[in-house]
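Listing of protein.pdb, PDB, C-alpha atoms
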ATOM      1  CA  MET A  15     241.175 -44.971   1.875
ATOM      2  CA  ILE A  16     237.579 -44.431   2.952
ATOM      3  CA  ILE A  17     236.108 -41.051   3.779
ATOM      4  CA  ASP A  18     232.816 -41.448   5.600
ATOM      5  CA  VAL A  19     230.656 -38.378   5.121
ATOM      6  CA  ASN A  20     227.580 -38.481   7.339
ATOM      7  CA  ALA A  21     226.161 -34.946   7.247
ATOM      8  CA  SER A  22     222.653 -35.258   5.840
ATOM      9  CA  ASN A  23     221.369 -31.696   6.134
ATOM     10  CA  PRO A  24     224.017 -29.299   4.850
ATOM     11  CA  SER A  25     224.290 -25.789   6.238
ATOM     12  CA  ILE A  26     224.175 -23.056   3.624
ATOM     13  CA  GLY A  27     227.226 -20.805   3.750
ATOM     14  CA  ASN A  28     230.750 -20.351   2.594
ATOM     15  CA  VAL A  29     233.126 -23.280   2.309
ATOM     16  CA  GLN A  30     236.612 -22.881   3.774
ATOM     17  CA  GLY A  31     239.295 -22.543   1.101
ATOM     18  CA  VAL A  32     236.883 -21.805  -1.764
ATOM     19  CA  GLN A  33     237.791 -18.574  -3.513
ATOM     20  CA  VAL A  34     235.543 -16.736  -5.938
ATOM     21  CA  TRP A  35     236.662 -13.842  -8.103
ATOM     22  CA  SER A  36     235.352 -11.770 -10.971
ATOM     23  CA  MET A  37     237.456 -12.160 -14.057
ATOM     24  CA  PRO A  38     239.043  -8.950 -15.333
ATOM     25  CA  THR A  39     237.095  -8.086 -18.478
ATOM     26  CA  TYR A  40     238.221  -5.883 -21.356
ATOM     27  CA  THR A  41     235.620  -4.776 -23.880
ATOM     28  CA  ASP A  42     235.987  -2.928 -27.170
ATOM     29  CA  GLU A  43     234.262  -2.800 -30.558
ATOM     30  CA  ARG A  44     235.447  -6.374 -31.313
ATOM     31  CA  GLY A  45     233.893  -7.949 -28.219
ATOM     32  CA  ARG A  46     235.368  -9.032 -24.860
ATOM     33  CA  LEU A  47     238.446 -10.591 -23.380
ATOM     34  CA  PHE A  48     238.144 -12.025 -19.885
ATOM     35  CA  LYS A  49     240.986 -13.573 -17.918
ATOM     36  CA  ALA A  50     240.110 -16.617 -15.800
ATOM     37  CA  TYR A  51     243.504 -17.039 -14.136
ATOM     38  CA  THR A  52     247.019 -15.667 -14.166
ATOM     39  CA  THR A  53     250.165 -16.222 -12.133
ATOM     40  CA  ALA A  54     251.464 -12.804 -13.200
ATOM     41  CA  ASP A  55     249.124 -10.754 -10.987
ATOM     42  CA  THR A  56     248.612 -12.110  -7.475
ATOM     43  CA  GLY A  57     245.882  -9.512  -6.908
ATOM     44  CA  ILE A  58     243.642 -11.568  -9.187
ATOM     45  CA  PHE A  59     244.458 -14.971  -7.739
ATOM     46  CA  PRO A  60     246.951 -15.251  -4.871
ATOM     47  CA  ILE A  61     247.322 -19.062  -4.821
ATOM     48  CA  PRO A  62     249.770 -20.725  -7.235
ATOM     49  CA  PHE A  63     247.993 -23.207  -9.475
ATOM     50  CA  ASN A  64     249.571 -25.611 -11.959
ATOM     51  CA  THR A  65     247.200 -26.755 -14.686
ATOM     52  CA  TYR A  66     247.569 -30.397 -15.755
ATOM     53  CA  GLU A  67     244.243 -30.674 -17.562
ATOM     54  CA  HIS A  68     241.942 -28.042 -19.020
ATOM     55  CA  PHE A  69     238.562 -28.939 -20.445
ATOM     56  CA  PHE A  70     235.115 -27.469 -21.071
ATOM     57  CA  THR A  71     231.588 -28.730 -20.553
ATOM     58  CA  GLU A  72     228.757 -27.522 -22.752
ATOM     59  CA  SER A  73     225.314 -28.173 -21.320
ATOM     60  CA  LYS A  74     221.730 -27.781 -22.425
ATOM     61  CA  LYS A  75     219.292 -25.963 -20.136
ATOM     62  CA  ASN A  76     218.395 -28.087 -17.074
ATOM     63  CA  VAL A  77     221.448 -30.355 -17.322
ATOM     64  CA  PHE A  78     222.643 -31.243 -13.822
ATOM     65  CA  ARG A  79     226.232 -32.393 -13.388
ATOM     66  CA  GLY A  80     227.323 -33.486  -9.945
ATOM     67  CA  MET A  81     228.160 -33.930  -7.233
ATOM     68  CA  HIS A  82     231.715 -34.814  -8.297
ATOM     69  CA  PHE A  83     235.241 -34.811  -6.873
ATOM     70  CA  GLN A  84     238.515 -36.657  -7.345
ATOM     71  CA  GLY A  85     239.721 -38.197  -4.093
ATOM     72  CA  HIS A  86     242.913 -39.656  -2.684
ATOM     73  CA  PRO A  87     245.435 -40.901  -3.571
ATOM     74  CA  HIS A  88     245.159 -38.692  -6.691
ATOM     75  CA  ALA A  89     243.019 -35.886  -5.291
ATOM     76  CA  VAL A  90     242.846 -32.667  -7.300
ATOM     77  CA  SER A  91     241.752 -29.107  -6.779
ATOM     78  CA  LYS A  92     240.269 -27.158  -9.655
ATOM     79  CA  ILE A  93     239.350 -23.778 -11.006
ATOM     80  CA  VAL A  94     235.904 -23.610 -12.590
ATOM     81  CA  SER A  95     234.985 -20.576 -14.731
ATOM     82  CA  ILE A  96     231.777 -19.596 -16.499
ATOM     83  CA  VAL A  97     232.419 -19.072 -20.225
ATOM     84  CA  SER A  98     228.879 -18.644 -21.537
ATOM     85  CA  GLY A  99     225.305 -19.085 -20.370
ATOM     86  CA  LYS A 100     224.067 -19.279 -16.785
ATOM     87  CA  ALA A 101     224.467 -21.885 -14.058
ATOM     88  CA  ARG A 102     223.690 -22.497 -10.405
ATOM     89  CA  ASP A 103     226.898 -23.830  -8.900
ATOM     90  CA  PHE A 104     227.114 -26.035  -5.786
ATOM     91  CA  LEU A 105     230.147 -26.662  -3.562
ATOM     92  CA  PHE A 106     229.921 -29.116  -0.675
ATOM     93  CA  ASP A 107     232.627 -29.439   2.006
ATOM     94  CA  MET A 108     233.403 -33.114   2.662
ATOM     95  CA  ARG A 109     236.563 -32.464   4.734
ATOM     96  CA  LYS A 110     236.025 -33.620   8.319
ATOM     97  CA  GLU A 111     238.892 -31.449   9.564
ATOM     98  CA  SER A 112     237.453 -28.302   7.953
ATOM     99  CA  GLU A 113     235.707 -25.596   9.982
ATOM    100  CA  THR A 114     232.973 -25.629   7.315
ATOM    101  CA  TYR A 115     232.527 -29.418   7.109
ATOM    102  CA  GLY A 116     229.009 -30.125   5.827
ATOM    103  CA  ASN A 117     228.491 -26.616   4.418
ATOM    104  CA  LEU A 118     226.935 -26.104   1.006
ATOM    105  CA  GLN A 119     227.988 -22.960  -0.877
ATOM    106  CA  ILE A 120     225.700 -21.898  -3.722
ATOM    107  CA  LEU A 121     226.715 -19.458  -6.451
ATOM    108  CA  ASP A 122     224.761 -18.192  -9.431
ATOM    109  CA  LEU A 123     227.067 -17.818 -12.432
ATOM    110  CA  ASP A 124     226.282 -15.686 -15.478
ATOM    111  CA  GLU A 125     228.324 -14.943 -18.593
ATOM    112  CA  SER A 126     227.587 -11.209 -18.177
ATOM    113  CA  THR A 127     229.740 -11.173 -15.025
ATOM    114  CA  PRO A 128     232.524 -13.699 -15.736
ATOM    115  CA  THR A 129     233.486 -15.495 -12.526
ATOM    116  CA  SER A 130     236.048 -18.109 -11.532
ATOM    117  CA  ILE A 131     235.956 -20.408  -8.499
ATOM    118  CA  PHE A 132     238.895 -22.178  -6.859
ATOM    119  CA  ILE A 133     237.650 -25.513  -5.435
ATOM    120  CA  PRO A 134     240.071 -27.162  -3.000
ATOM    121  CA  ILE A 135     240.626 -30.884  -2.530
ATOM    122  CA  GLY A 136     237.807 -32.433  -0.512
ATOM    123  CA  VAL A 137     235.057 -30.179  -1.845
ATOM    124  CA  ALA A 138     232.471 -31.796  -4.137
ATOM    125  CA  HIS A 139     231.190 -29.753  -7.084
ATOM    126  CA  GLY A 140     228.066 -29.745  -9.189
ATOM    127  CA  TYR A 141     225.976 -27.353 -11.231
ATOM    128  CA  LEU A 142     222.661 -26.926 -12.996
ATOM    129  CA  ALA A 143     222.707 -25.203 -16.407
ATOM    130  CA  LEU A 144     220.088 -22.444 -16.423
ATOM    131  CA  ALA A 145     220.458 -21.582 -20.123
ATOM    132  CA  GLU A 146     221.069 -23.408 -23.403
ATOM    133  CA  LYS A 147     224.735 -23.887 -24.344
ATOM    134  CA  THR A 148     226.066 -23.110 -20.873
ATOM    135  CA  ILE A 149     229.831 -23.608 -21.014
ATOM    136  CA  LEU A 150     232.095 -24.029 -17.989
ATOM    137  CA  SER A 151     235.877 -24.256 -18.085
ATOM    138  CA  TYR A 152     237.657 -26.675 -15.727
ATOM    139  CA  ARG A 153     241.354 -26.387 -14.867
ATOM    140  CA  MET A 154     242.667 -29.318 -12.824
ATOM    141  CA  ASP A 155     245.927 -29.330 -10.845
ATOM    142  CA  GLY A 156     246.410 -33.063 -11.485
ATOM    143  CA  VAL A 157     245.548 -35.630 -14.107
ATOM    144  CA  PHE A 158     242.253 -37.492 -14.212
ATOM    145  CA  CYS A 159     242.227 -40.820 -12.363
ATOM    146  CA  ARG A 160     239.191 -42.984 -13.124
ATOM    147  CA  ASN A 161     239.767 -45.025  -9.952
ATOM    148  CA  CYS A 162     239.709 -41.894  -7.765
ATOM    149  CA  ASP A 163     236.693 -40.318  -9.491
ATOM    150  CA  GLY A 164     234.053 -39.941  -6.786
ATOM    151  CA  GLY A 165     230.523 -38.642  -6.666
ATOM    152  CA  PHE A 166     227.194 -38.743  -4.905
ATOM    153  CA  SER A 167     223.643 -37.930  -5.925
ATOM    154  CA  GLY A 168     222.396 -34.392  -6.466
ATOM    155  CA  GLU A 169     219.709 -35.069  -3.846
ATOM    156  CA  ILE A 170     221.773 -33.025  -1.395
ATOM    157  CA  VAL A 171     221.104 -29.870  -3.458
ATOM    158  CA  ALA A 172     217.591 -30.742  -4.684
ATOM    159  CA  ASP A 173     215.909 -28.152  -2.444
ATOM    160  CA  HIS A 174     218.006 -25.432  -4.087
ATOM    161  CA  LEU A 175     217.190 -26.261  -7.720
ATOM    162  CA  PRO A 176     214.610 -24.177  -9.634
ATOM    163  CA  VAL A 177     213.312 -27.475 -11.126
ATOM    164  CA  SER A 178     212.911 -30.890  -9.519
ATOM    165  CA  LEU A 179     215.982 -33.117  -9.650
ATOM    166  CA  GLU A 180     213.887 -35.691 -11.548
ATOM    167  CA  ASP A 181     213.223 -33.100 -14.276
ATOM    168  CA  THR A 182     216.916 -32.401 -14.822
ATOM    169  CA  ILE A 183     218.969 -34.007 -17.568
ATOM    170  CA  ARG A 184     221.682 -36.210 -16.045
ATOM    171  CA  SER A 185     224.193 -38.691 -17.350
ATOM    172  CA  VAL A 186     223.553 -42.391 -16.762
ATOM    173  CA  ARG A 187     226.377 -42.315 -14.207
ATOM    174  CA  ASP A 188     224.991 -39.296 -12.339
ATOM    175  CA  ALA A 189     221.469 -40.753 -12.281
ATOM    176  CA  LYS A 190     222.863 -43.896 -10.598
ATOM    177  CA  LEU A 191     224.917 -42.095  -7.926
ATOM    178  CA  VAL A 192     223.917 -42.955  -4.363
ATOM    179  CA  ALA A 193     222.442 -40.466  -1.911
ATOM    180  CA  PHE A 194     224.838 -38.458   0.187
ATOM    181  CA  LYS A 195     223.574 -39.677   3.551
ATOM    182  CA  GLY A 196     225.991 -42.384   4.592
ATOM    183  CA  TYR A 197     228.058 -41.992   1.398
ATOM    184  CA  GLN A 198     231.528 -43.522   1.534
ATOM    185  CA  TYR A 199     234.350 -42.738  -0.829
ATOM    186  CA  LYS A 200     236.627 -45.646  -1.646
ATOM    187  CA  SER A 201     239.452 -45.534  -4.152
ATOM    188  CA  ASP A 202     240.387 -48.546  -6.231
ATOM    189  CA  CYS A 203     243.874 -47.138  -6.823
ATOM    190  CA  GLU A 204     246.939 -49.138  -5.941
ATOM    191  CA  SER A 205     249.085 -46.043  -5.391
TER     192      SER A 205
END

Whole structure, structure tokens version:
Amino acid sequence: MIIDVNASNPSIGNVQGVQVWSMPTYTDERGRLFKAYTTADTGIFPIPFNTYEHFFTESKKNVFRGMHFQGHPHAVSKIVSIVSGKARDFLFDMRKESETYGNLQILDLDESTPTSIFIPIGVAHGYLALAEKTILSYRMDGVFCRNCDGGFSGEIVADHLPVSLEDTIRSVRDAKLVAFKGYQYKSDCES
């Protein structure tokens, strides 16, 4: 399956289906407890979410990760939560049928106000760590599929970074990702 995404100048605004919420936080003399997600209280998060994988990324200041997604036939949605540090988070709507197709939603995350983000299928995600040891939690509603792992260059968000994209720290894979303009997703999965 090929998804041809041709928007080259994203609009800044909300992305349809993305939900952002402050985590309930409980503080006492021992420290803090903050709850990223629960099915017990639909006032916190009204969409059922089954977690198949849960992992964390720890990043140095100026690490850029993105823009990533897992496409069909094993597409996943995710919940991303700030655990510690600070990050500028980017969400890009790649869904042609969406009312917000081509929109870029930007959120500043900070450990002092714990926040979680629900990212639906078809929305690419990336972030820039703004502090040392920035940790984000990822909950995925499906298992990782290497053949469905998609991504395009961070060039699409470069104008919204406090440093140049070239001055960020990126993985070898992320540094080799192609520009978004004319990007095509193609899965190598058989099923």

Could you list as a PDB file with C-alpha atoms, in the frame of the given file every residue that has an atom within 9 Å of (238.7, -34.5, 1.3), using the file's coordinates and counting all atoms listed in the file?
ATOM      1  CA  ILE A  17     236.108 -41.051   3.779  1.00  0.00           C
ATOM      2  CA  PHE A  83     235.241 -34.811  -6.873  1.00  0.00           C
ATOM      3  CA  GLN A  84     238.515 -36.657  -7.345  1.00  0.00           C
ATOM      4  CA  GLY A  85     239.721 -38.197  -4.093  1.00  0.00           C
ATOM      5  CA  HIS A  86     242.913 -39.656  -2.684  1.00  0.00           C
ATOM      6  CA  ALA A  89     243.019 -35.886  -5.291  1.00  0.00           C
ATOM      7  CA  ASP A 107     232.627 -29.439   2.006  1.00  0.00           C
ATOM      8  CA  MET A 108     233.403 -33.114   2.662  1.00  0.00           C
ATOM      9  CA  ARG A 109     236.563 -32.464   4.734  1.00  0.00           C
ATOM     10  CA  LYS A 110     236.025 -33.620   8.319  1.00  0.00           C
ATOM     11  CA  GLU A 111     238.892 -31.449   9.564  1.00  0.00           C
ATOM     12  CA  PRO A 134     240.071 -27.162  -3.000  1.00  0.00           C
ATOM     13  CA  ILE A 135     240.626 -30.884  -2.530  1.00  0.00           C
ATOM     14  CA  GLY A 136     237.807 -32.433  -0.512  1.00  0.00           C
ATOM     15  CA  VAL A 137     235.057 -30.179  -1.845  1.00  0.00           C
ATOM     16  CA  ALA A 138     232.471 -31.796  -4.137  1.00  0.00           C
TER      17      ALA A 138
END

Around the point (236.5, -20.4, -15.2), in the coordinates given by the file, pick out the residues reaching within 9 Å, counting only C-alpha atoms, and return them as number ranges by chain. A: 37, 49-51, 93-97, 128-132, 150-153

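Of note, atom CA of A:Glu125 and atom CA of A:Val177 are spaced 20.9 Å apart.
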
How far is it from atom CA of A:Asp155 to atom CA of A:Val32, in Å with one decimal? 14.9 Å

Of A:Gly27, A:Pro62, A:Gly156, A:Gly196, the one nearest to A:Phe104 when counting only C-alpha atoms is A:Gly27

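Each of A:Val90, A:Met81, A:Ile149, A:Val157 was compared to A:Phe106 using only C-alpha atoms, and A:Met81 turns out to be the nearest.
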
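Of the residues under consideration (A:Tyr141, A:Arg102, A:Gly57, A:Asn117), A:Gly57 shows the shortest atom-to-atom contact distance to A:Ser36 when counting all atoms listed in the file.
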
Can you work out the spacing between atom CA of A:Lys147 and atom CA of A:Lys75 in Å, to one decimal? 7.2 Å

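You can rank A:Pro24, A:His82, A:Asp188, A:Val34 by their closest distance to A:Asp122 using all atoms listed in the file, and at the top of that list sits A:Val34.
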
Edge lengths and centre in Å, axis-aligned, stretch 181-198 of chain A plus 8 Å each side, as JSON:
{"center_x": 222.4, "center_y": -38.1, "center_z": -6.5, "size_x": 34.3, "size_y": 27.5, "size_z": 38.2}

Of A:Lys195, A:His139, A:Lys100, A:Arg160, the one nearest to A:Asp124 when counting all atoms listed in the file is A:Lys100
